[in-house]
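First comes the structure, then the notes that go with it.
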Amino acid sequence: MSHKDIYNVCSNADMIVCGYAFKRTDDLNISVLQLQTPNHALILSPNNEILETSMDDVELEIVKDYWIKNKKHMEESYA
C-alpha cells in the first residue's frame, strides 16, 4: 500500500486509535486497518463478531479492546 493509499484511509477513517483506522461500512460493519502494517485488517459485525481477518489472535484481542473502549466516539458522530 502506498503512502497516498494510507493517507486516503486515514482521511476517510471515522476514528483512529493507536495506529488502527476504524471505518463503518455501508452495511454497518466495522472495517479496521493497521496503518503501520496495512496487510493486517479486520471486519467486525455490529455485534463485535469477527467476520474476516488477517490478524493473529493477540492483535485481534488488542483491536477488539480498542473498539469496545472507543466505539462510543464513533457512535456519537453518527447520532
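Going through the C-alpha cells in order, the chains are called A, B, and so on, while each chain numbers its residues from 1 and the ligands are numbered from 1 in the order shown.
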Give me every strand (DSSP E) residue in chain A, going by DSSP on the backbone, as number ranges by chain.
A: 15-17, 20-24, 30-34, 41-44, 50-53
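Within the 9 Å cut-off around Thr53 in chain A, using only C-alpha atoms and omitting residues fewer than 2 positions from it on the same chain, the listed residues are His40, Ala41, Leu42, Ile43, Leu44, Ile50, Leu51, Met55, Asp56 and Leu60 of chain A.
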Any chance you can output those residues with N, CA and C atoms as a compact mmCIF listing (two decimals), in the first residue's frame?
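Below is the file out08.txt, written as the result:
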# COMPACT_ATOMS: atom_id res chain seq x y z
N HIS A 40 -2.61 -6.09 7.77
CA HIS A 40 -3.34 -6.54 8.96
C HIS A 40 -4.67 -5.82 8.98
N ALA A 41 -5.72 -6.56 8.68
CA ALA A 41 -7.04 -5.95 8.57
C ALA A 41 -8.07 -6.82 9.30
N LEU A 42 -9.22 -6.21 9.57
CA LEU A 42 -10.27 -6.88 10.31
C LEU A 42 -11.62 -6.30 9.90
N ILE A 43 -12.62 -7.15 9.81
CA ILE A 43 -14.01 -6.72 9.63
C ILE A 43 -14.80 -7.27 10.81
N LEU A 44 -15.42 -6.36 11.56
CA LEU A 44 -16.27 -6.73 12.70
C LEU A 44 -17.73 -6.47 12.36
N ILE A 50 -16.15 -11.38 14.68
CA ILE A 50 -15.13 -11.30 13.65
C ILE A 50 -15.67 -11.95 12.38
N LEU A 51 -15.75 -11.18 11.31
CA LEU A 51 -16.24 -11.70 10.04
C LEU A 51 -15.09 -12.10 9.12
N MET A 55 -5.31 -10.79 10.99
CA MET A 55 -4.57 -10.53 12.23
C MET A 55 -4.44 -11.82 13.03
N ASP A 56 -3.39 -11.88 13.85
CA ASP A 56 -3.25 -13.03 14.73
C ASP A 56 -4.13 -12.83 15.97
N LEU A 60 -5.88 -9.39 17.43
CA LEU A 60 -7.35 -9.33 17.42
C LEU A 60 -7.90 -8.88 18.76
Spatial neighbours of range 16-28 of chain A, 10 Å, only C-alpha atoms, chain gap at least 5 places, as number ranges by chain:
A: 6, 9-11, 33-38, 40-46, 63, 66-67, 70-71, 74-75, 78
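Note that CA of Val32 in chain A and CA of Asp5 in chain A are 14.6 Å apart.
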What parts of chain A does DSSP call helix (DSSP H, G or I)? I'd like the answer as an MDAnalysis selection string.
chainID A and resid 3:12 57:78
File of the preceding selection, N, CA, C and O atoms, as a short mmCIF file (atom, residue, chain, number, x, y, z; two decimals), in the first residue's frame:
data_model
loop_
_atom_site.label_atom_id
_atom_site.label_comp_id
_atom_site.auth_asym_id
_atom_site.auth_seq_id
_atom_site.Cartn_x
_atom_site.Cartn_y
_atom_site.Cartn_z
N HIS A 3 1.95 5.36 0.27
CA HIS A 3 1.69 6.40 1.26
C HIS A 3 0.39 7.15 0.94
O HIS A 3 -0.35 7.55 1.84
N LYS A 4 0.13 7.32 -0.35
CA LYS A 4 -1.10 8.00 -0.76
C LYS A 4 -2.32 7.18 -0.36
O LYS A 4 -3.32 7.73 0.11
N ASP A 5 -2.26 5.86 -0.52
CA ASP A 5 -3.37 4.99 -0.12
C ASP A 5 -3.59 5.06 1.39
O ASP A 5 -4.74 5.13 1.84
N ILE A 6 -2.51 5.04 2.15
CA ILE A 6 -2.63 5.13 3.61
C ILE A 6 -3.19 6.48 4.02
O ILE A 6 -4.04 6.57 4.91
N TYR A 7 -2.75 7.54 3.34
CA TYR A 7 -3.30 8.88 3.60
C TYR A 7 -4.81 8.88 3.36
O TYR A 7 -5.58 9.44 4.16
N ASN A 8 -5.26 8.26 2.26
CA ASN A 8 -6.69 8.20 1.96
C ASN A 8 -7.45 7.42 3.01
O ASN A 8 -8.56 7.81 3.40
N VAL A 9 -6.87 6.32 3.49
CA VAL A 9 -7.51 5.55 4.56
C VAL A 9 -7.67 6.41 5.80
O VAL A 9 -8.73 6.45 6.42
N CYS A 10 -6.61 7.12 6.16
CA CYS A 10 -6.66 7.99 7.34
C CYS A 10 -7.68 9.11 7.17
O CYS A 10 -8.42 9.43 8.10
N SER A 11 -7.71 9.69 5.99
CA SER A 11 -8.64 10.80 5.72
C SER A 11 -10.10 10.35 5.79
O SER A 11 -10.96 11.13 6.18
N ASN A 12 -10.35 9.11 5.41
CA ASN A 12 -11.73 8.61 5.38
C ASN A 12 -12.11 7.83 6.63
O ASN A 12 -13.26 7.42 6.75
N ASP A 57 -4.25 -13.86 16.77
CA ASP A 57 -5.17 -13.83 17.92
C ASP A 57 -4.85 -12.73 18.93
O ASP A 57 -5.75 -12.11 19.48
N VAL A 58 -3.57 -12.47 19.16
CA VAL A 58 -3.18 -11.44 20.13
C VAL A 58 -3.60 -10.06 19.62
O VAL A 58 -4.21 -9.26 20.35
N GLU A 59 -3.28 -9.78 18.35
CA GLU A 59 -3.64 -8.49 17.78
C GLU A 59 -5.16 -8.32 17.73
O GLU A 59 -5.68 -7.23 17.99
N LEU A 60 -5.88 -9.39 17.43
CA LEU A 60 -7.35 -9.33 17.42
C LEU A 60 -7.90 -8.88 18.76
O LEU A 60 -8.79 -8.03 18.83
N GLU A 61 -7.39 -9.45 19.83
CA GLU A 61 -7.88 -9.08 21.17
C GLU A 61 -7.55 -7.62 21.49
O GLU A 61 -8.36 -6.91 22.08
N ILE A 62 -6.37 -7.17 21.08
CA ILE A 62 -5.98 -5.77 21.31
C ILE A 62 -6.93 -4.83 20.55
O ILE A 62 -7.44 -3.86 21.11
N VAL A 63 -7.17 -5.13 19.28
CA VAL A 63 -8.03 -4.27 18.45
C VAL A 63 -9.47 -4.29 18.94
O VAL A 63 -10.13 -3.24 19.01
N LYS A 64 -9.97 -5.46 19.31
CA LYS A 64 -11.34 -5.52 19.84
C LYS A 64 -11.45 -4.71 21.13
O LYS A 64 -12.46 -4.04 21.36
N ASP A 65 -10.41 -4.72 21.94
CA ASP A 65 -10.41 -3.92 23.18
C ASP A 65 -10.43 -2.43 22.84
O ASP A 65 -11.18 -1.66 23.45
N TYR A 66 -9.61 -2.01 21.86
CA TYR A 66 -9.65 -0.60 21.42
C TYR A 66 -11.05 -0.24 20.94
O TYR A 66 -11.56 0.83 21.25
N TRP A 67 -11.67 -1.13 20.18
CA TRP A 67 -13.01 -0.87 19.64
C TRP A 67 -14.02 -0.72 20.76
O TRP A 67 -14.78 0.24 20.80
N ILE A 68 -14.03 -1.66 21.70
CA ILE A 68 -15.01 -1.64 22.78
C ILE A 68 -14.85 -0.38 23.64
O ILE A 68 -15.83 0.24 24.03
N LYS A 69 -13.61 0.03 23.90
CA LYS A 69 -13.37 1.20 24.73
C LYS A 69 -13.65 2.52 24.02
O LYS A 69 -13.90 3.53 24.67
N ASN A 70 -13.60 2.54 22.69
CA ASN A 70 -13.71 3.80 21.96
C ASN A 70 -14.88 3.92 21.01
O ASN A 70 -15.08 4.97 20.42
N LYS A 71 -15.68 2.87 20.85
CA LYS A 71 -16.75 2.92 19.85
C LYS A 71 -17.78 4.00 20.14
O LYS A 71 -18.41 4.50 19.22
N LYS A 72 -17.91 4.41 21.36
CA LYS A 72 -18.88 5.46 21.70
C LYS A 72 -18.56 6.76 20.94
O LYS A 72 -19.46 7.50 20.59
N HIS A 73 -17.28 6.99 20.63
CA HIS A 73 -16.91 8.20 19.91
C HIS A 73 -17.39 8.14 18.46
O HIS A 73 -17.78 9.16 17.90
N MET A 74 -17.36 6.97 17.86
CA MET A 74 -17.90 6.82 16.50
C MET A 74 -19.41 6.90 16.52
O MET A 74 -20.01 7.49 15.63
N GLU A 75 -20.04 6.32 17.52
CA GLU A 75 -21.50 6.33 17.58
C GLU A 75 -22.01 7.74 17.77
O GLU A 75 -23.03 8.11 17.22
N GLU A 76 -21.26 8.58 18.51
CA GLU A 76 -21.67 9.97 18.70
C GLU A 76 -21.65 10.72 17.38
O GLU A 76 -22.50 11.55 17.13
N SER A 77 -20.68 10.42 16.51
CA SER A 77 -20.61 11.12 15.24
C SER A 77 -21.72 10.68 14.27
O SER A 77 -22.01 11.38 13.33
N TYR A 78 -22.32 9.52 14.51
CA TYR A 78 -23.41 9.05 13.66
C TYR A 78 -24.78 9.43 14.22
O TYR A 78 -25.78 9.23 13.56
#
